[in-house]
Every structure is written in structure tokens, then in C-alpha cells.
>>> print(open('query-v5.json').read())   # JSON, C-alpha atoms
[["chain", "number", "residue", "atom", "x", "y", "z"],
["A", 82, "MET", "CA", -9.66, -128.20, -60.23],
["A", 83, "PHE", "CA", -11.49, -131.54, -60.49],
["A", 84, "LYS", "CA", -11.49, -132.02, -56.70],
["A", 85, "SER", "CA", -12.81, -128.50, -56.25],
["A", 86, "LEU", "CA", -15.65, -129.24, -58.70],
["A", 87, "ILE", "CA", -16.53, -132.48, -56.85],
["A", 88, "THR", "CA", -16.51, -130.61, -53.54],
["A", 89, "LEU", "CA", -18.74, -127.88, -54.97],
["A", 90, "ILE", "CA", -21.25, -130.40, -56.38],
["A", 91, "THR", "CA", -21.31, -132.38, -53.13],
["A", 92, "THR", "CA", -21.84, -129.24, -51.06],
["A", 93, "ALA", "CA", -24.63, -128.06, -53.35],
["A", 94, "THR", "CA", -26.35, -131.47, -53.24],
["A", 95, "ILE", "CA", -26.23, -131.65, -49.45],
["A", 96, "SER", "CA", -27.51, -128.08, -49.23],
["A", 97, "LEU", "CA", -30.39, -128.89, -51.60],
["A", 98, "ILE", "CA", -31.39, -132.01, -49.65],
["A", 99, "THR", "CA", -31.25, -130.12, -46.35],
["A", 100, "THR", "CA", -33.32, -127.24, -47.71],
["A", 101, "THR", "CA", -35.93, -129.60, -49.21],
["A", 102, "ALA", "CA", -36.25, -131.54, -45.96],
["A", 103, "ALA", "CA", -36.55, -128.36, -43.94],
["A", 104, "SER", "CA", -39.25, -126.94, -46.24],
["A", 105, "ALA", "CA", -41.19, -130.17, -46.74],
["A", 106, "ALA", "CA", -44.93, -129.62, -46.60],
["A", 107, "ASP", "CA", -46.56, -130.34, -43.26],
["A", 108, "GLN", "CA", -49.17, -133.09, -43.62],
["A", 109, "ARG", "CA", -50.99, -132.23, -40.38],
["A", 110, "GLY", "CA", -53.91, -129.89, -39.71],
["A", 111, "TRP", "CA", -57.13, -128.75, -41.39],
["A", 112, "PHE", "CA", -57.69, -128.94, -45.14],
["A", 113, "VAL", "CA", -60.53, -128.01, -47.51],
["A", 114, "GLY", "CA", -61.01, -128.26, -51.28],
["A", 115, "GLY", "CA", -63.10, -129.36, -54.23],
["A", 116, "GLU", "CA", -63.30, -132.32, -56.58],
["A", 117, "PHE", "CA", -64.68, -133.18, -60.01],
["A", 118, "GLY", "CA", -64.78, -136.34, -62.04],
["A", 119, "ARG", "CA", -66.94, -139.04, -63.56],
["A", 120, "THR", "CA", -69.29, -141.57, -61.98],
["A", 121, "HIS", "CA", -70.85, -144.85, -63.04],
["A", 122, "ILE", "CA", -74.27, -145.47, -61.48],
["A", 123, "GLU", "CA", -76.25, -148.71, -61.56],
["A", 124, "LEU", "CA", -79.77, -148.92, -60.12],
["A", 125, "THR", "CA", -81.52, -152.28, -59.85],
["A", 126, "ASN", "CA", -85.19, -152.87, -58.97],
["A", 127, "LYS", "CA", -85.73, -154.82, -55.76],
["A", 128, "LEU", "CA", -89.52, -154.74, -55.81],
["A", 129, "ASN", "CA", -91.84, -153.51, -58.56],
["A", 130, "SER", "CA", -90.30, -150.15, -59.29],
["A", 131, "SER", "CA", -89.82, -149.12, -62.90],
["A", 132, "LEU", "CA", -86.63, -147.26, -62.02],
["A", 133, "THR", "CA", -83.49, -148.96, -63.31],
["A", 134, "ALA", "CA", -80.36, -147.29, -64.63],
["A", 135, "ASP", "CA", -76.86, -148.03, -65.90],
["A", 136, "ASP", "CA", -75.38, -144.67, -66.78],
["A", 137, "ASN", "CA", -72.34, -142.40, -66.50],
["A", 138, "THR", "CA", -72.46, -138.79, -65.41],
["A", 139, "ALA", "CA", -70.32, -135.97, -64.06],
["A", 140, "LEU", "CA", -69.37, -135.62, -60.40],
["A", 141, "PHE", "CA", -68.93, -132.37, -58.49],
["A", 142, "GLY", "CA", -68.18, -131.95, -54.83],
["A", 143, "VAL", "CA", -66.36, -130.39, -51.91],
["A", 144, "TYR", "CA", -64.40, -132.09, -49.17],
["A", 145, "GLY", "CA", -62.39, -131.28, -46.10],
["A", 146, "GLY", "CA", -61.16, -132.62, -42.83],
["A", 147, "TYR", "CA", -58.35, -132.80, -40.33],
["A", 148, "ASN", "CA", -55.06, -134.74, -40.41],
["A", 149, "PHE", "CA", -54.03, -135.73, -36.90],
["A", 150, "THR", "CA", -50.71, -137.13, -38.14],
["A", 151, "HIS", "CA", -48.99, -137.55, -41.52],
["A", 152, "TRP", "CA", -50.66, -140.99, -41.84],
["A", 153, "PHE", "CA", -54.12, -140.61, -40.23],
["A", 154, "GLY", "CA", -56.97, -138.15, -40.69],
["A", 155, "LEU", "CA", -60.75, -137.75, -40.96],
["A", 156, "GLU", "CA", -62.52, -136.53, -44.11],
["A", 157, "MET", "CA", -66.01, -135.38, -45.05],
["A", 158, "HIS", "CA", -67.19, -135.38, -48.68],
["A", 159, "ILE", "CA", -70.32, -133.70, -50.10],
["A", 160, "ASN", "CA", -70.95, -134.39, -53.79],
["A", 161, "ARG", "CA", -73.57, -134.49, -56.53],
["A", 162, "ALA", "CA", -73.95, -136.54, -59.70],
["A", 163, "PRO", "CA", -76.69, -134.83, -61.76],
["A", 164, "GLY", "CA", -78.36, -135.62, -65.04],
["A", 165, "PHE", "CA", -78.30, -139.41, -65.43],
["A", 166, "GLN", "CA", -81.27, -141.20, -66.97],
["A", 167, "ALA", "CA", -83.36, -144.21, -66.11],
["A", 168, "GLU", "CA", -83.48, -146.96, -68.72],
["A", 169, "GLY", "CA", -86.24, -146.48, -71.27],
["A", 170, "SER", "CA", -87.06, -143.02, -69.95],
["A", 171, "SER", "CA", -86.06, -139.43, -70.60],
["A", 172, "THR", "CA", -86.50, -138.58, -66.92],
["A", 173, "GLU", "CA", -83.27, -137.39, -65.33],
["A", 174, "TYR", "CA", -82.18, -138.05, -61.77],
["A", 175, "THR", "CA", -79.65, -136.50, -59.39],
["A", 176, "LEU", "CA", -77.67, -138.48, -56.84],
["A", 177, "SER", "CA", -76.45, -136.46, -53.84],
["A", 178, "GLY", "CA", -74.09, -137.88, -51.25],
["A", 179, "VAL", "CA", -72.43, -137.17, -47.91],
["A", 180, "ALA", "CA", -69.59, -139.36, -46.59],
["A", 181, "ILE", "CA", -67.51, -139.38, -43.42],
["A", 182, "THR", "CA", -64.37, -141.50, -43.58],
["A", 183, "PRO", "CA", -61.10, -142.08, -41.74],
["A", 184, "ARG", "CA", -58.13, -141.82, -44.12],
["A", 185, "PHE", "CA", -54.83, -143.69, -43.88],
["A", 186, "GLN", "CA", -51.80, -142.53, -45.84],
["A", 187, "LEU", "CA", -48.46, -144.09, -46.69],
["A", 188, "LEU", "CA", -45.85, -141.45, -47.53],
["A", 189, "LEU", "CA", -43.53, -142.41, -50.40],
["A", 190, "THR", "CA", -41.66, -139.11, -50.12],
["A", 191, "ASP", "CA", -42.17, -135.93, -48.10],
["A", 192, "ASN", "CA", -44.72, -134.79, -50.70],
["A", 193, "ILE", "CA", -46.15, -137.93, -52.35],
["A", 194, "GLY", "CA", -48.48, -140.31, -50.57],
["A", 195, "LEU", "CA", -50.75, -143.27, -51.28],
["A", 196, "TYR", "CA", -53.95, -143.28, -49.26],
["A", 197, "ALA", "CA", -57.05, -145.32, -48.54],
["A", 198, "ARG", "CA", -60.26, -144.24, -46.87],
["A", 199, "PHE", "CA", -63.38, -146.11, -45.80],
["A", 200, "GLY", "CA", -66.44, -145.20, -43.76],
["A", 201, "LEU", "CA", -70.13, -144.30, -43.91],
["A", 202, "GLN", "CA", -71.88, -142.96, -47.02],
["A", 203, "HIS", "CA", -75.39, -141.52, -47.35],
["A", 204, "PHE", "CA", -77.01, -141.09, -50.76],
["A", 205, "ASP", "CA", -80.23, -139.34, -51.76],
["A", 206, "LEU", "CA", -81.73, -140.03, -55.19],
["A", 207, "ALA", "CA", -84.28, -137.53, -56.56],
["A", 208, "ILE", "CA", -86.02, -136.73, -59.81],
["A", 209, "ASP", "CA", -84.24, -133.79, -61.45],
["A", 210, "ASP", "CA", -87.44, -132.00, -62.47],
["A", 211, "SER", "CA", -89.19, -129.33, -60.42],
["A", 212, "HIS", "CA", -92.46, -129.91, -62.30],
["A", 213, "SER", "CA", -92.72, -133.62, -61.50],
["A", 214, "ASN", "CA", -93.78, -135.28, -58.28],
["A", 215, "SER", "CA", -91.22, -135.32, -55.51],
["A", 216, "ASP", "CA", -90.36, -139.02, -55.45],
["A", 217, "SER", "CA", -87.05, -139.65, -53.71],
["A", 218, "TRP", "CA", -85.03, -142.52, -52.28],
["A", 219, "ASP", "CA", -82.24, -142.55, -49.74],
["A", 220, "GLY", "CA", -80.00, -144.95, -47.82],
["A", 221, "PHE", "CA", -76.78, -145.54, -45.89],
["A", 222, "GLY", "CA", -73.91, -147.85, -46.72],
["A", 223, "ALA", "CA", -70.16, -148.33, -46.73],
["A", 224, "VAL", "CA", -67.83, -146.42, -49.04],
["A", 225, "PHE", "CA", -64.26, -147.33, -49.97],
["A", 226, "GLY", "CA", -61.76, -145.11, -51.74],
["A", 227, "GLY", "CA", -58.09, -144.89, -52.53],
["A", 228, "GLY", "CA", -55.66, -142.83, -54.52],
["A", 229, "VAL", "CA", -52.44, -140.88, -54.77],
["A", 230, "GLN", "CA", -51.79, -137.36, -53.49],
["A", 231, "TYR", "CA", -49.07, -134.78, -54.09],
["A", 232, "LEU", "CA", -48.74, -132.02, -51.50],
["A", 233, "PHE", "CA", -46.77, -128.98, -52.65],
["A", 234, "ASN", "CA", -44.64, -127.13, -50.11],
["A", 235, "SER", "CA", -47.06, -124.21, -50.47],
["A", 236, "GLY", "CA", -49.79, -126.31, -48.84],
["A", 237, "VAL", "CA", -51.76, -126.95, -52.05],
["A", 238, "ALA", "CA", -52.46, -130.64, -52.67],
["A", 239, "VAL", "CA", -53.63, -132.48, -55.80],
["A", 240, "ARG", "CA", -55.08, -135.98, -55.63],
["A", 241, "LEU", "CA", -56.43, -138.63, -57.97],
["A", 242, "GLU", "CA", -58.96, -141.01, -56.39],
["A", 243, "HIS", "CA", -61.26, -143.92, -57.18],
["A", 244, "SER", "CA", -64.14, -144.74, -54.82],
["A", 245, "ARG", "CA", -66.95, -147.29, -54.64],
["A", 246, "ALA", "CA", -70.15, -147.70, -52.64],
["A", 247, "SER", "CA", -73.07, -150.16, -52.64],
["A", 248, "MET", "CA", -76.32, -149.91, -50.69],
["A", 249, "ASP", "CA", -80.11, -150.14, -50.74],
["A", 250, "LEU", "CA", -82.09, -146.94, -51.29],
["A", 251, "ASP", "CA", -85.56, -146.94, -49.76],
["A", 252, "GLN", "CA", -88.51, -144.76, -50.65],
["A", 253, "THR", "CA", -90.70, -144.00, -47.67],
["A", 254, "TRP", "CA", -92.96, -141.20, -48.88],
["A", 255, "GLU", "CA", -94.28, -140.62, -52.38],
["A", 256, "ASP", "CA", -96.17, -137.65, -53.79],
["A", 257, "ASP", "CA", -98.66, -138.27, -56.60],
["A", 258, "GLY", "CA", -99.46, -134.56, -56.95],
["A", 259, "SER", "CA", -102.36, -134.40, -54.51],
["A", 260, "TYR", "CA", -101.30, -136.18, -51.34],
["A", 261, "TYR", "CA", -98.48, -138.18, -49.74],
["A", 262, "TYR", "CA", -98.70, -141.86, -49.05],
["A", 263, "TYR", "CA", -96.38, -144.57, -47.76],
["A", 264, "ALA", "CA", -94.54, -146.53, -50.45],
["A", 265, "GLU", "CA", -92.32, -149.53, -49.81],
["A", 266, "ASP", "CA", -90.04, -149.18, -52.79],
["A", 267, "SER", "CA", -86.42, -150.31, -52.61],
["A", 268, "ILE", "CA", -83.61, -149.88, -55.14],
["A", 269, "GLU", "CA", -80.12, -151.36, -55.08],
["A", 270, "LEU", "CA", -77.41, -148.82, -55.88],
["A", 271, "ASP", "CA", -73.89, -149.61, -57.12],
["A", 272, "TYR", "CA", -71.76, -146.50, -57.39],
["A", 273, "SER", "CA", -68.19, -145.91, -58.55],
["A", 274, "ALA", "CA", -66.37, -142.65, -59.20],
["A", 275, "THR", "CA", -63.00, -141.46, -60.43],
["A", 276, "SER", "CA", -62.19, -137.88, -59.45],
["A", 277, "VAL", "CA", -59.49, -135.24, -59.27],
["A", 278, "GLY", "CA", -59.36, -133.20, -56.08],
["A", 279, "VAL", "CA", -57.52, -130.01, -55.17],
["A", 280, "HIS", "CA", -57.34, -128.78, -51.57],
["A", 281, "TYR", "CA", -55.37, -126.48, -49.32],
["A", 282, "GLN", "CA", -53.61, -127.77, -46.21],
["A", 283, "PHE", "CA", -53.72, -125.09, -43.51]]
>>> encode(input="query-v5.json", output="C-alpha cells")
Amino acid sequence: MFKSLITLITTATISLITTTAASAADQRGWFVGGEFGRTHIELTNKLNSSLTADDNTALFGVYGGYNFTHWFGLEMHINRAPGFQAEGSSTEYTLSGVAITPRFQLLLTDNIGLYARFGLQHFDLAIDDSHSNSDSWDGFGAVFGGGVQYLFNSGVAVRLEHSRASMDLDQTWEDDGSYYYYAEDSIELDYSATSVGVHYQF
């Protein structure tokens, strides 16, 4: 009886392992999803601008890409961080970004992976007020991110990520309400974000 029970348990365990391995989620192919989280934004004057900030705000975005292998892929992120304020002002600003990054993943199991991504980030900073002048700043820089991801066998993946970027934002054209003129205004941006993402692996 005891030997029969051991044999039954062993057979069931082997069957479970074989089934899990056979149905493990495929890490390759296209994927697309959305993310939300929290950002910390620091803006520092580089010339004579009055715009400085050290504030936290929400983050919303979409992302997608293609995994060539289980350990390497390319991603594109489009996100927005609206409603943060400049110091000493009630004016609100929105930071919009687009990033393209290679991603490298280390699989811990068939479904759990640690990943890192780094590449090129573009940010656009604008006044969040349709009735004000259309001052805006933009710039390119490097972005670094890393996190942990769980890919269900159904193809749905959940990830937790932290990312950082630092760059100079330059203002080239300014609108005072009657005409445009050239303005050499530069702002240093330090950006960090912690987000939760959910995507589908096709």
C-alpha cells in the first residue's frame, strides 16, 4: 500500500512537471499593453528661467514591442505625467515622453524573469492650460529601467518596473500671445518613475 502511494505521488509529480514545461508561456513575439504608476520630477533652471519644480505626479502610458528571443527584445513606451506644479506657482505642467529601448531578460523560471532596458528617451514639457501661452520645452537623453515580470501561460504578463532619465530640455520658440520669438531657455530634468504594467504576449 505504501509503495503504491509513493508510486502514485511520483507519477503525478512527473506528470505535473511535464505538463507545466509543455505549457510554459512562450516569451517570443509581439506584445502590447498599458502601464500606470507614480513619477518624481525635478526641474532645475540652467539660465534665467523661473521654472523650477520638485514634485510627484501620476504616470499613464502604453507600451509594446517584439521579443526576438526569451532574453532579448525591443520596446517602445509612450507615457504622460500630467498635473505637476512649478515651485511658487499654481501653474500646472504636463510631461510627455516617448522611449525606444532594447530589453534584456534573465529567466528565473519559465514564467518569472528579471529584466533591464536602456535606450533613447524624448520628453516634451508643456503648460497644462489651453488659455495660457504655448511655452514648451523638449529634449533627448538616455533612459534606464529594470524590473520583474511574470508571464502567465495564457500570454498575459504583469510587470513591476523602476526607470530613470536625465537630460536638458531646451525651449526654442516662445509665444507671448501676439507673436513667436526665439528663446534660449534651458532646463535640466531629472525623472524617475515606478510603474505597474500589464501586457499581452501574442
>>> atom_distance(input="query-v5.json", atom1="CA of Ile268 (chain A)", atom2="CA of Asp216 (chain A)")
12.8 Å
>>> closest_residue(input="query-v5.json", among="A:Met157, A:Ala197, A:Met248, A:Leu206", to="Ser177 (chain A)", atoms="only C-alpha atoms")
A:Leu206
>>> closest_residue(input="query-v5.json", among="A:Glu173, A:Asp191, A:Glu168, A:Asp135", to="Asp107 (chain A)", atoms="all atoms listed in the file")
A:Asp191
>>> closest_residue(input="query-v5.json", among="A:Gly226, A:Gly220, A:Gly145, A:Gly115", to="Gln186 (chain A)", atoms="only C-alpha atoms")
A:Gly226
>>> atom_distance(input="query-v5.json", atom1="CA of Gly178 (chain A)", atom2="CA of Gln202 (chain A)")
7.0 Å
>>> residues_near_point(input="query-v5.json", point="(-53.2, -129.9, -60.4)", cutoff="12 Å", atoms="all atoms listed in the file", output="number ranges by chain")
A: 115-117, 230-233, 237-241, 277-281
>>> closest_residue(input="query-v5.json", among="A:Gln282, A:Ser273, A:Ser170, A:Asn126", to="Asp251 (chain A)", atoms="all atoms listed in the file")
A:Asn126
>>> closest_residue(input="query-v5.json", among="A:Arg198, A:Leu270, A:Val143, A:Phe153", to="His243 (chain A)", atoms="only C-alpha atoms")
A:Arg198
>>> closest_residue(input="query-v5.json", among="A:Thr125, A:Ala246, A:Asn148, A:Leu140", to="Phe112 (chain A)", atoms="all atoms listed in the file")
A:Asn148
>>> atom_distance(input="query-v5.json", atom1="CA of Leu195 (chain A)", atom2="CA of Gly227 (chain A)")
7.6 Å
>>> residues_around(input="query-v5.json", residues="Gly154 (chain A)", least_positions_apart="4", cutoff="8 Å", atoms="only C-alpha atoms", output="list in words")
Gly146, Tyr147, Asn148, Phe149, Thr150, Pro183, Arg184 and Phe185 of chain A
